$ cat input.pdb   # PDB, C-alpha atoms
ATOM      1  CA  MET A  23     -24.031 -34.014 -32.579  1.00  0.00           C
ATOM      2  CA  ASN A  24     -27.653 -32.915 -32.525  1.00  0.00           C
ATOM      3  CA  ALA A  25     -29.067 -35.198 -35.217  1.00  0.00           C
ATOM      4  CA  GLN A  26     -31.580 -32.538 -36.209  1.00  0.00           C
ATOM      5  CA  ALA A  27     -29.281 -29.486 -36.274  1.00  0.00           C
ATOM      6  CA  LEU A  28     -30.175 -27.545 -39.405  1.00  0.00           C
ATOM      7  CA  LEU A  29     -26.504 -27.063 -40.337  1.00  0.00           C
ATOM      8  CA  GLN A  30     -24.145 -30.027 -40.051  1.00  0.00           C
ATOM      9  CA  HIS A  31     -20.450 -30.177 -40.953  1.00  0.00           C
ATOM     10  CA  LEU A  32     -20.287 -33.747 -42.183  1.00  0.00           C
ATOM     11  CA  ALA A  33     -16.538 -34.172 -41.781  1.00  0.00           C
ATOM     12  CA  LEU A  34     -17.142 -33.634 -38.043  1.00  0.00           C
ATOM     13  CA  SER A  35     -20.131 -36.013 -37.981  1.00  0.00           C
ATOM     14  CA  ALA A  36     -18.311 -38.977 -39.518  1.00  0.00           C
ATOM     15  CA  ARG A  37     -17.494 -41.913 -37.233  1.00  0.00           C
ATOM     16  CA  PHE A  38     -15.225 -44.836 -38.091  1.00  0.00           C
ATOM     17  CA  SER A  39     -14.785 -48.280 -36.590  1.00  0.00           C
ATOM     18  CA  ALA A  40     -11.904 -50.689 -37.104  1.00  0.00           C
ATOM     19  CA  THR A  41     -14.329 -53.613 -37.379  1.00  0.00           C
ATOM     20  CA  LYS A  42     -17.035 -52.545 -39.858  1.00  0.00           C
ATOM     21  CA  MET A  43     -18.736 -49.742 -41.743  1.00  0.00           C
ATOM     22  CA  THR A  44     -20.280 -47.175 -39.379  1.00  0.00           C
ATOM     23  CA  LYS A  45     -23.679 -45.490 -39.897  1.00  0.00           C
ATOM     24  CA  VAL A  46     -24.471 -41.985 -38.640  1.00  0.00           C
ATOM     25  CA  ASP A  47     -27.960 -40.466 -38.761  1.00  0.00           C
ATOM     26  CA  CYS A  48     -28.208 -36.862 -39.970  1.00  0.00           C
ATOM     27  CA  PHE A  49     -31.975 -36.556 -40.405  1.00  0.00           C
ATOM     28  CA  ARG A  50     -34.865 -38.955 -40.049  1.00  0.00           C
ATOM     29  CA  SER A  51     -38.572 -38.424 -40.699  1.00  0.00           C
ATOM     30  CA  ALA A  52     -41.413 -40.594 -41.984  1.00  0.00           C
ATOM     31  CA  ARG A  53     -40.489 -39.469 -45.513  1.00  0.00           C
ATOM     32  CA  LEU A  54     -36.721 -39.204 -45.631  1.00  0.00           C
ATOM     33  CA  LEU A  55     -33.622 -40.651 -44.023  1.00  0.00           C
ATOM     34  CA  VAL A  56     -30.315 -38.842 -44.522  1.00  0.00           C
ATOM     35  CA  GLY A  57     -27.172 -40.255 -43.017  1.00  0.00           C
ATOM     36  CA  LEU A  58     -23.550 -41.179 -43.454  1.00  0.00           C
ATOM     37  CA  ASN A  59     -21.932 -44.517 -44.211  1.00  0.00           C
ATOM     38  CA  CYS A  60     -18.289 -44.355 -43.077  1.00  0.00           C
ATOM     39  CA  PHE A  61     -15.799 -46.930 -44.324  1.00  0.00           C
ATOM     40  CA  GLU A  62     -12.219 -47.689 -43.470  1.00  0.00           C
ATOM     41  CA  PRO A  63     -10.237 -49.062 -46.432  1.00  0.00           C
ATOM     42  CA  GLY A  64     -11.320 -52.624 -47.204  1.00  0.00           C
ATOM     43  CA  GLN A  65     -14.676 -52.393 -45.407  1.00  0.00           C
ATOM     44  CA  GLU A  66     -17.894 -53.313 -47.222  1.00  0.00           C
ATOM     45  CA  GLN A  67     -21.665 -53.032 -47.133  1.00  0.00           C
ATOM     46  CA  LYS A  68     -23.355 -56.259 -48.153  1.00  0.00           C
ATOM     47  CA  VAL A  69     -25.683 -56.160 -51.147  1.00  0.00           C
ATOM     48  CA  HIS A  70     -29.279 -55.533 -50.069  1.00  0.00           C
ATOM     49  CA  ALA A  71     -32.471 -53.956 -51.423  1.00  0.00           C
ATOM     50  CA  HIS A  72     -35.191 -51.664 -50.074  1.00  0.00           C
ATOM     51  CA  PRO A  73     -38.601 -52.659 -51.461  1.00  0.00           C
ATOM     52  CA  GLY A  74     -40.569 -49.496 -52.203  1.00  0.00           C
ATOM     53  CA  ALA A  75     -37.730 -47.115 -51.317  1.00  0.00           C
ATOM     54  CA  ASP A  76     -35.417 -45.114 -53.562  1.00  0.00           C
ATOM     55  CA  LYS A  77     -31.881 -44.557 -52.345  1.00  0.00           C
ATOM     56  CA  PHE A  78     -28.815 -42.684 -53.385  1.00  0.00           C
ATOM     57  CA  TYR A  79     -25.207 -42.609 -52.298  1.00  0.00           C
ATOM     58  CA  PHE A  80     -23.101 -39.471 -52.731  1.00  0.00           C
ATOM     59  CA  VAL A  81     -19.373 -39.899 -52.141  1.00  0.00           C
ATOM     60  CA  VAL A  82     -18.258 -37.010 -49.915  1.00  0.00           C
ATOM     61  CA  SER A  83     -14.637 -38.153 -49.699  1.00  0.00           C
ATOM     62  CA  GLY A  84     -12.588 -41.227 -50.524  1.00  0.00           C
ATOM     63  CA  LYS A  85     -13.209 -43.938 -53.092  1.00  0.00           C
ATOM     64  CA  ALA A  86     -15.167 -47.203 -53.118  1.00  0.00           C
ATOM     65  CA  ARG A  87     -16.481 -49.887 -55.453  1.00  0.00           C
ATOM     66  CA  PHE A  88     -20.305 -49.864 -55.514  1.00  0.00           C
ATOM     67  CA  ILE A  89     -22.650 -52.562 -56.738  1.00  0.00           C
ATOM     68  CA  VAL A  90     -26.006 -51.504 -58.214  1.00  0.00           C
ATOM     69  CA  GLY A  91     -28.090 -54.185 -59.888  1.00  0.00           C
ATOM     70  CA  ALA A  92     -25.817 -55.929 -62.378  1.00  0.00           C
ATOM     71  CA  GLU A  93     -23.340 -53.027 -62.446  1.00  0.00           C
ATOM     72  CA  THR A  94     -20.165 -52.404 -60.469  1.00  0.00           C
ATOM     73  CA  HIS A  95     -18.889 -48.817 -60.368  1.00  0.00           C
ATOM     74  CA  GLU A  96     -15.818 -47.303 -58.783  1.00  0.00           C
ATOM     75  CA  ALA A  97     -16.953 -43.957 -57.392  1.00  0.00           C
ATOM     76  CA  SER A  98     -14.989 -41.226 -55.692  1.00  0.00           C
ATOM     77  CA  ALA A  99     -15.562 -37.804 -54.147  1.00  0.00           C
ATOM     78  CA  GLY A 100     -18.230 -35.921 -56.101  1.00  0.00           C
ATOM     79  CA  ASP A 101     -19.926 -38.990 -57.562  1.00  0.00           C
ATOM     80  CA  LEU A 102     -23.599 -39.891 -57.152  1.00  0.00           C
ATOM     81  CA  VAL A 103     -24.692 -43.541 -57.191  1.00  0.00           C
ATOM     82  CA  LEU A 104     -28.419 -44.286 -57.563  1.00  0.00           C
ATOM     83  CA  ALA A 105     -30.256 -47.358 -56.288  1.00  0.00           C
ATOM     84  CA  PRO A 106     -33.901 -47.011 -57.360  1.00  0.00           C
ATOM     85  CA  GLU A 107     -36.675 -48.960 -55.655  1.00  0.00           C
ATOM     86  CA  GLY A 108     -35.966 -52.671 -55.370  1.00  0.00           C
ATOM     87  CA  VAL A 109     -32.558 -52.627 -57.097  1.00  0.00           C
ATOM     88  CA  PRO A 110     -29.982 -54.596 -55.074  1.00  0.00           C
ATOM     89  CA  HIS A 111     -27.035 -52.434 -54.044  1.00  0.00           C
ATOM     90  CA  GLY A 112     -24.067 -52.354 -51.738  1.00  0.00           C
ATOM     91  CA  VAL A 113     -20.425 -51.473 -51.399  1.00  0.00           C
ATOM     92  CA  GLU A 114     -18.106 -54.234 -52.518  1.00  0.00           C
ATOM     93  CA  ARG A 115     -15.061 -52.609 -50.972  1.00  0.00           C
ATOM     94  CA  ALA A 116     -13.839 -49.192 -49.861  1.00  0.00           C
ATOM     95  CA  LEU A 117     -10.551 -48.424 -51.597  1.00  0.00           C
ATOM     96  CA  GLU A 118      -9.731 -45.550 -49.249  1.00  0.00           C
ATOM     97  CA  ARG A 119     -11.198 -44.170 -46.013  1.00  0.00           C
ATOM     98  CA  THR A 120     -14.558 -43.125 -47.451  1.00  0.00           C
ATOM     99  CA  ILE A 121     -17.493 -40.988 -46.296  1.00  0.00           C
ATOM    100  CA  VAL A 122     -20.758 -41.507 -48.183  1.00  0.00           C
ATOM    101  CA  LEU A 123     -23.875 -39.357 -47.789  1.00  0.00           C
ATOM    102  CA  VAL A 124     -26.913 -41.616 -48.071  1.00  0.00           C
ATOM    103  CA  GLY A 125     -30.519 -40.613 -48.697  1.00  0.00           C
ATOM    104  CA  ILE A 126     -33.454 -43.040 -48.579  1.00  0.00           C
ATOM    105  CA  ALA A 127     -37.133 -42.270 -49.200  1.00  0.00           C
ATOM    106  CA  PRO A 128     -39.084 -43.659 -47.503  1.00  0.00           C
ATOM    107  CA  PRO A 129     -36.800 -44.982 -44.794  1.00  0.00           C
ATOM    108  CA  PRO A 130     -36.744 -48.731 -44.317  1.00  0.00           C
ATOM    109  CA  PRO A 131     -38.389 -50.064 -41.153  1.00  0.00           C
ATOM    110  CA  ALA A 132     -36.136 -49.414 -38.166  1.00  0.00           C
TER     111      ALA A 132
ATOM    112  CA  MET B  19     -26.452 -36.643 -69.341  1.00  0.00           C
ATOM    113  CA  ASN B  20     -28.812 -39.553 -68.872  1.00  0.00           C
ATOM    114  CA  ALA B  21     -30.827 -38.322 -65.873  1.00  0.00           C
ATOM    115  CA  GLN B  22     -31.233 -41.894 -64.655  1.00  0.00           C
ATOM    116  CA  ALA B  23     -27.647 -43.134 -65.104  1.00  0.00           C
ATOM    117  CA  LEU B  24     -26.794 -45.086 -61.971  1.00  0.00           C
ATOM    118  CA  LEU B  25     -23.376 -43.401 -61.659  1.00  0.00           C
ATOM    119  CA  GLN B  26     -23.169 -39.633 -62.177  1.00  0.00           C
ATOM    120  CA  HIS B  27     -20.091 -37.408 -61.889  1.00  0.00           C
ATOM    121  CA  LEU B  28     -21.753 -34.285 -60.528  1.00  0.00           C
ATOM    122  CA  ALA B  29     -19.001 -31.874 -61.511  1.00  0.00           C
ATOM    123  CA  LEU B  30     -19.805 -32.849 -65.114  1.00  0.00           C
ATOM    124  CA  SER B  31     -23.576 -32.552 -64.589  1.00  0.00           C
ATOM    125  CA  ALA B  32     -23.516 -28.998 -63.216  1.00  0.00           C
ATOM    126  CA  ARG B  33     -24.854 -26.223 -65.457  1.00  0.00           C
ATOM    127  CA  PHE B  34     -24.518 -22.509 -64.829  1.00  0.00           C
ATOM    128  CA  SER B  35     -26.307 -19.470 -66.194  1.00  0.00           C
ATOM    129  CA  ALA B  36     -25.231 -15.847 -66.038  1.00  0.00           C
ATOM    130  CA  THR B  37     -28.788 -14.773 -65.216  1.00  0.00           C
ATOM    131  CA  LYS B  38     -30.003 -17.042 -62.395  1.00  0.00           C
ATOM    132  CA  MET B  39     -29.510 -20.228 -60.406  1.00  0.00           C
ATOM    133  CA  THR B  40     -29.720 -23.321 -62.616  1.00  0.00           C
ATOM    134  CA  LYS B  41     -31.453 -26.579 -61.641  1.00  0.00           C
ATOM    135  CA  VAL B  42     -30.342 -29.988 -62.926  1.00  0.00           C
ATOM    136  CA  ASP B  43     -32.317 -33.192 -62.320  1.00  0.00           C
ATOM    137  CA  CYS B  44     -30.307 -36.247 -61.260  1.00  0.00           C
ATOM    138  CA  PHE B  45     -33.135 -38.580 -60.238  1.00  0.00           C
ATOM    139  CA  ARG B  46     -36.890 -38.221 -59.999  1.00  0.00           C
ATOM    140  CA  SER B  47     -39.487 -40.699 -58.782  1.00  0.00           C
ATOM    141  CA  ALA B  48     -42.790 -40.432 -56.944  1.00  0.00           C
ATOM    142  CA  ARG B  49     -40.845 -40.674 -53.677  1.00  0.00           C
ATOM    143  CA  LEU B  50     -37.610 -38.788 -54.171  1.00  0.00           C
ATOM    144  CA  LEU B  51     -36.159 -35.937 -56.183  1.00  0.00           C
ATOM    145  CA  VAL B  52     -32.375 -35.564 -56.326  1.00  0.00           C
ATOM    146  CA  GLY B  53     -30.862 -32.708 -58.256  1.00  0.00           C
ATOM    147  CA  LEU B  54     -28.357 -29.892 -58.369  1.00  0.00           C
ATOM    148  CA  ASN B  55     -28.786 -26.202 -57.727  1.00  0.00           C
ATOM    149  CA  CYS B  56     -25.929 -24.351 -59.437  1.00  0.00           C
ATOM    150  CA  PHE B  57     -25.136 -20.772 -58.478  1.00  0.00           C
ATOM    151  CA  GLU B  58     -22.777 -18.190 -59.866  1.00  0.00           C
ATOM    152  CA  PRO B  59     -21.460 -15.799 -57.196  1.00  0.00           C
ATOM    153  CA  GLY B  60     -24.207 -13.407 -56.086  1.00  0.00           C
ATOM    154  CA  GLN B  61     -27.089 -15.575 -57.324  1.00  0.00           C
ATOM    155  CA  GLU B  62     -29.926 -16.527 -54.965  1.00  0.00           C
ATOM    156  CA  GLN B  63     -32.855 -18.849 -54.457  1.00  0.00           C
ATOM    157  CA  LYS B  64     -35.867 -17.074 -53.012  1.00  0.00           C
ATOM    158  CA  VAL B  65     -37.221 -18.311 -49.694  1.00  0.00           C
ATOM    159  CA  HIS B  66     -39.957 -20.889 -50.205  1.00  0.00           C
ATOM    160  CA  ALA B  67     -41.458 -23.911 -48.431  1.00  0.00           C
ATOM    161  CA  HIS B  68     -42.623 -27.380 -49.432  1.00  0.00           C
ATOM    162  CA  PRO B  69     -45.717 -28.398 -47.467  1.00  0.00           C
ATOM    163  CA  GLY B  70     -45.434 -32.076 -46.576  1.00  0.00           C
ATOM    164  CA  ALA B  71     -41.945 -32.515 -48.026  1.00  0.00           C
ATOM    165  CA  ASP B  72     -38.585 -32.768 -46.283  1.00  0.00           C
ATOM    166  CA  LYS B  73     -35.584 -31.315 -48.080  1.00  0.00           C
ATOM    167  CA  PHE B  74     -31.870 -31.106 -47.643  1.00  0.00           C
ATOM    168  CA  TYR B  75     -29.071 -29.196 -49.316  1.00  0.00           C
ATOM    169  CA  PHE B  76     -25.538 -30.608 -49.384  1.00  0.00           C
ATOM    170  CA  VAL B  77     -22.849 -28.202 -50.554  1.00  0.00           C
ATOM    171  CA  VAL B  78     -20.690 -30.081 -53.066  1.00  0.00           C
ATOM    172  CA  SER B  79     -18.413 -27.117 -53.821  1.00  0.00           C
ATOM    173  CA  GLY B  80     -18.318 -23.391 -53.184  1.00  0.00           C
ATOM    174  CA  LYS B  81     -19.925 -21.377 -50.410  1.00  0.00           C
ATOM    175  CA  ALA B  82     -23.333 -19.760 -49.904  1.00  0.00           C
ATOM    176  CA  ARG B  83     -25.529 -18.166 -47.265  1.00  0.00           C
ATOM    177  CA  PHE B  84     -28.605 -20.310 -46.582  1.00  0.00           C
ATOM    178  CA  ILE B  85     -31.830 -19.321 -44.853  1.00  0.00           C
ATOM    179  CA  VAL B  86     -33.721 -22.001 -42.912  1.00  0.00           C
ATOM    180  CA  GLY B  87     -36.638 -20.861 -40.788  1.00  0.00           C
ATOM    181  CA  ALA B  88     -35.374 -18.022 -38.611  1.00  0.00           C
ATOM    182  CA  GLU B  89     -31.732 -19.021 -39.085  1.00  0.00           C
ATOM    183  CA  THR B  90     -29.110 -17.873 -41.586  1.00  0.00           C
ATOM    184  CA  HIS B  91     -26.083 -20.138 -42.074  1.00  0.00           C
ATOM    185  CA  GLU B  92     -23.005 -19.755 -44.214  1.00  0.00           C
ATOM    186  CA  ALA B  93     -22.290 -23.238 -45.560  1.00  0.00           C
ATOM    187  CA  SER B  94     -19.429 -24.476 -47.697  1.00  0.00           C
ATOM    188  CA  ALA B  95     -18.239 -27.715 -49.302  1.00  0.00           C
ATOM    189  CA  GLY B  96     -19.039 -30.658 -47.035  1.00  0.00           C
ATOM    190  CA  ASP B  97     -21.902 -28.994 -45.161  1.00  0.00           C
ATOM    191  CA  LEU B  98     -25.460 -30.322 -44.929  1.00  0.00           C
ATOM    192  CA  VAL B  99     -28.387 -27.897 -44.523  1.00  0.00           C
ATOM    193  CA  LEU B 100     -31.770 -29.345 -43.523  1.00  0.00           C
ATOM    194  CA  ALA B 101     -35.187 -27.901 -44.323  1.00  0.00           C
ATOM    195  CA  PRO B 102     -37.778 -30.166 -42.694  1.00  0.00           C
ATOM    196  CA  GLU B 103     -41.401 -30.187 -43.819  1.00  0.00           C
ATOM    197  CA  GLY B 104     -42.956 -26.721 -44.039  1.00  0.00           C
ATOM    198  CA  VAL B 105     -39.858 -24.779 -42.888  1.00  0.00           C
ATOM    199  CA  PRO B 106     -39.198 -21.814 -45.200  1.00  0.00           C
ATOM    200  CA  HIS B 107     -35.758 -22.011 -46.796  1.00  0.00           C
ATOM    201  CA  GLY B 108     -33.676 -20.535 -49.553  1.00  0.00           C
ATOM    202  CA  VAL B 109     -30.283 -19.250 -50.531  1.00  0.00           C
ATOM    203  CA  GLU B 110     -29.749 -15.615 -49.665  1.00  0.00           C
ATOM    204  CA  ARG B 111     -26.617 -15.346 -51.766  1.00  0.00           C
ATOM    205  CA  ALA B 112     -23.901 -17.544 -53.227  1.00  0.00           C
ATOM    206  CA  LEU B 113     -20.515 -16.239 -52.097  1.00  0.00           C
ATOM    207  CA  GLU B 114     -18.623 -18.283 -54.699  1.00  0.00           C
ATOM    208  CA  ARG B 115     -19.569 -20.414 -57.708  1.00  0.00           C
ATOM    209  CA  THR B 116     -21.491 -23.075 -55.800  1.00  0.00           C
ATOM    210  CA  ILE B 117     -22.878 -26.542 -56.569  1.00  0.00           C
ATOM    211  CA  VAL B 118     -25.508 -27.832 -54.155  1.00  0.00           C
ATOM    212  CA  LEU B 119     -26.905 -31.375 -54.139  1.00  0.00           C
ATOM    213  CA  VAL B 120     -30.588 -31.177 -53.262  1.00  0.00           C
ATOM    214  CA  GLY B 121     -32.857 -33.989 -52.091  1.00  0.00           C
ATOM    215  CA  ILE B 122     -36.618 -33.627 -51.614  1.00  0.00           C
ATOM    216  CA  ALA B 123     -39.083 -36.289 -50.436  1.00  0.00           C
ATOM    217  CA  PRO B 124     -41.715 -36.336 -51.736  1.00  0.00           C
ATOM    218  CA  PRO B 125     -41.056 -34.089 -54.711  1.00  0.00           C
ATOM    219  CA  PRO B 126     -43.221 -30.990 -54.993  1.00  0.00           C
ATOM    220  CA  PRO B 127     -45.821 -31.008 -57.763  1.00  0.00           C
ATOM    221  CA  ALA B 128     -44.133 -30.404 -61.140  1.00  0.00           C
TER     222      ALA B 128
END
$ encode --input "input.pdb" --output "structure tokens"
Amino acid sequence: MNAQALLQHLALSARFSATKMTKVDCFRSARLLVGLNCFEPGQEQKVHAHPGADKFYFVVSGKARFIVGAETHEASAGDLVLAPEGVPHGVERALERTIVLVGIAPPPPA
Amino acid sequence: MNAQALLQHLALSARFSATKMTKVDCFRSARLLVGLNCFEPGQEQKVHAHPGADKFYFVVSGKARFIVGAETHEASAGDLVLAPEGVPHGVERALERTIVLVGIAPPPPA
């Protein structure tokens, strides 16, 4: 996939691994990172935080349990999960094969 | 809807108008604007540009014809359309009732 193609069919961009959550870049600039987090059932993303950066997750397909600050939310296709600047967040566990669109501004250091 | 709720079911957030495309804010900070653009069939968003701001559209549901720079793309649910800094973009026409998740970094002046 051309990571900067102006039209991207995300179901074709998704990549999965049997061992851990897989990240795919869709767009990256100094101001904005857009990508996919792809989970097989049972996979996780450890809780972390981005100082100075706002982030969101949008569940494209599947279902997962998200942690944001002190909250835990089960989110499925069509749900938006927000992690404002500095708020710890992660994915406790994917309940199905799950594709999440992620946006971060500004991107964390590479 | 609480515009800053950390979990948002976007199908419930969408708002439509018979007269023109409707915008809904989901999250707004100095670094990132996340919202919805909601189109009835036939509605449009005029071509415009955001100097210094990167933007993406993600089609949550429906189908529409997007303009990005010199390109026109028909995009439907699951498709990502990118409008990097300064590139003129818009929606020529929604072909169905369409919900688009929009992210802009940084947000344009209010």
$ residues_near_point --input "input.pdb" --point "(-36.0, -20.3, -50.6)" --cutoff "9 Å" --atoms "all atoms listed in the file" --output "list in words"
Glu62, Gln63, Lys64, Val65, His66, Ala67, Phe84, Ile85, Val86, Pro106, His107, Gly108, Val109 and Glu110 of chain B
$ residues_around --input "input.pdb" --residues "Glu103 (chain B)" --least-positions-apart "2" --cutoff "12 Å" --atoms "all atoms listed in the file" --output "list in words"
Phe49, Arg50, Ser51, Ala52, Arg53 and Leu54 of chain A; His66, Ala67, His68, Pro69, Gly70, Ala71, Asp72, Lys73, Phe74, Val86, Gly87, Leu100, Ala101, Val105, Pro106, His107, Ile122, Ala123, Pro124, Pro125 and Pro126 of chain B
$ closest_residue --input "input.pdb" --among "B:Thr40, B:Ser35, B:Ser79, B:Gln61" --to "chain A" --atoms "all atoms listed in the file"
B:Ser79
$ closest_atom_pairs --input "input.pdb" --of "chain A" --to "chain B" --cutoff "6 Å" --atoms "all atoms listed in the file" --output "JSON lines"
{"residue": "A:Leu28", "atom": "CA", "partner": "B:Leu100", "partner_atom": "CA", "distance": 4.8}
{"residue": "A:Leu29", "atom": "CA", "partner": "B:Val99", "partner_atom": "CA", "distance": 4.7}
{"residue": "A:Gln30", "atom": "CA", "partner": "B:Leu98", "partner_atom": "CA", "distance": 5.1}
{"residue": "A:His31", "atom": "CA", "partner": "B:Asp97", "partner_atom": "CA", "distance": 4.6}
{"residue": "A:Leu32", "atom": "CA", "partner": "B:Asp97", "partner_atom": "CA", "distance": 5.8}
{"residue": "A:Gly100", "atom": "CA", "partner": "B:Leu28", "partner_atom": "CA", "distance": 5.9}
{"residue": "A:Asp101", "atom": "CA", "partner": "B:His27", "partner_atom": "CA", "distance": 4.6}
{"residue": "A:Leu102", "atom": "CA", "partner": "B:Gln26", "partner_atom": "CA", "distance": 5.0}
{"residue": "A:Val103", "atom": "CA", "partner": "B:Leu25", "partner_atom": "CA", "distance": 4.7}
{"residue": "A:Leu104", "atom": "CA", "partner": "B:Leu24", "partner_atom": "CA", "distance": 4.8}
$ resolve_selection --input "input.pdb" --expression "the PyMOL selection byres ((chain A and resi 116-119) around 8)" --output "list in words"
Cys60, Phe61, Glu62, Pro63, Gly64, Gln65, Glu66, Ser83, Gly84, Lys85, Ala86, Arg87, Val113, Glu114, Arg115, Thr120 and Ile121 of chain A
$ atom_distance --input "input.pdb" --atom1 "CA of Asn55 (chain B)" --atom2 "CA of Val120 (chain B)"
6.9 Å
$ atom_distance --input "input.pdb" --atom1 "CA of Asp43 (chain B)" --atom2 "CA of Val118 (chain B)"
11.9 Å
$ resolve_selection --input "input.pdb" --expression "the PyMOL selection byres ((chain B and resi 42) around 6)" --output "list in words"
Lys41, Asp43, Gly53 and Leu54 of chain B
$ write_last_selection --input "input.pdb" --atoms "C-alpha atoms" --output "PDB file, in the coordinates of the input"
ATOM      1  CA  LYS B  41     -31.453 -26.579 -61.641  1.00  0.00           C
ATOM      2  CA  ASP B  43     -32.317 -33.192 -62.320  1.00  0.00           C
ATOM      3  CA  GLY B  53     -30.862 -32.708 -58.256  1.00  0.00           C
ATOM      4  CA  LEU B  54     -28.357 -29.892 -58.369  1.00  0.00           C
TER       5      LEU B  54
END
$ atom_distance --input "input.pdb" --atom1 "CA of Gly108 (chain A)" --atom2 "CA of Ala36 (chain A)"
27.4 Å
$ build_atoms --input "input.pdb" --residues "region 37-43 of chain A" --atoms "all heavy atoms" --output "short mmCIF file (atom, residue, chain, number, x, y, z; two decimals), in the frame of the given file"
data_model
loop_
_atom_site.label_atom_id
_atom_site.label_comp_id
_atom_site.auth_asym_id
_atom_site.auth_seq_id
_atom_site.Cartn_x
_atom_site.Cartn_y
_atom_site.Cartn_z
N ARG A 37 -18.02 -41.03 -38.28
CA ARG A 37 -17.49 -41.91 -37.23
C ARG A 37 -16.99 -43.17 -37.91
O ARG A 37 -17.67 -43.73 -38.78
CB ARG A 37 -18.59 -42.30 -36.23
CG ARG A 37 -19.17 -41.14 -35.43
CD ARG A 37 -18.19 -40.63 -34.39
NE ARG A 37 -18.71 -39.46 -33.66
CZ ARG A 37 -18.53 -38.19 -34.06
NH1 ARG A 37 -17.86 -37.93 -35.17
NH2 ARG A 37 -19.01 -37.20 -33.33
N PHE A 38 -15.82 -43.64 -37.50
CA PHE A 38 -15.22 -44.84 -38.09
C PHE A 38 -15.00 -45.90 -37.03
O PHE A 38 -14.79 -45.59 -35.85
CB PHE A 38 -13.90 -44.49 -38.76
CG PHE A 38 -14.04 -43.56 -39.93
CD1 PHE A 38 -13.99 -42.19 -39.75
CD2 PHE A 38 -14.27 -44.06 -41.20
CE1 PHE A 38 -14.15 -41.32 -40.82
CE2 PHE A 38 -14.42 -43.20 -42.28
CZ PHE A 38 -14.37 -41.83 -42.09
N SER A 39 -15.06 -47.15 -37.47
CA SER A 39 -14.78 -48.28 -36.59
C SER A 39 -13.77 -49.17 -37.28
O SER A 39 -13.79 -49.32 -38.51
CB SER A 39 -16.08 -49.05 -36.32
OG SER A 39 -15.80 -50.41 -36.10
N ALA A 40 -12.90 -49.80 -36.51
CA ALA A 40 -11.90 -50.69 -37.10
C ALA A 40 -12.55 -51.98 -37.59
O ALA A 40 -11.97 -52.70 -38.40
CB ALA A 40 -10.81 -51.00 -36.09
N THR A 41 -13.76 -52.29 -37.10
CA THR A 41 -14.33 -53.61 -37.38
C THR A 41 -15.32 -53.63 -38.53
O THR A 41 -15.42 -54.63 -39.23
CB THR A 41 -15.02 -54.18 -36.12
OG1 THR A 41 -15.99 -53.23 -35.67
CG2 THR A 41 -14.01 -54.41 -35.02
N LYS A 42 -16.07 -52.53 -38.75
CA LYS A 42 -17.04 -52.54 -39.86
C LYS A 42 -17.49 -51.14 -40.19
O LYS A 42 -17.24 -50.20 -39.43
CB LYS A 42 -18.25 -53.41 -39.51
CG LYS A 42 -18.99 -52.95 -38.27
CD LYS A 42 -20.26 -53.77 -38.02
CE LYS A 42 -21.03 -53.17 -36.85
NZ LYS A 42 -22.36 -53.74 -36.67
N MET A 43 -18.17 -51.02 -41.31
CA MET A 43 -18.74 -49.74 -41.74
C MET A 43 -19.62 -49.16 -40.64
O MET A 43 -20.35 -49.89 -39.98
CB MET A 43 -19.56 -49.97 -43.01
CG MET A 43 -20.20 -48.73 -43.58
SD MET A 43 -21.89 -48.42 -43.00
CE MET A 43 -22.81 -49.64 -43.95
#
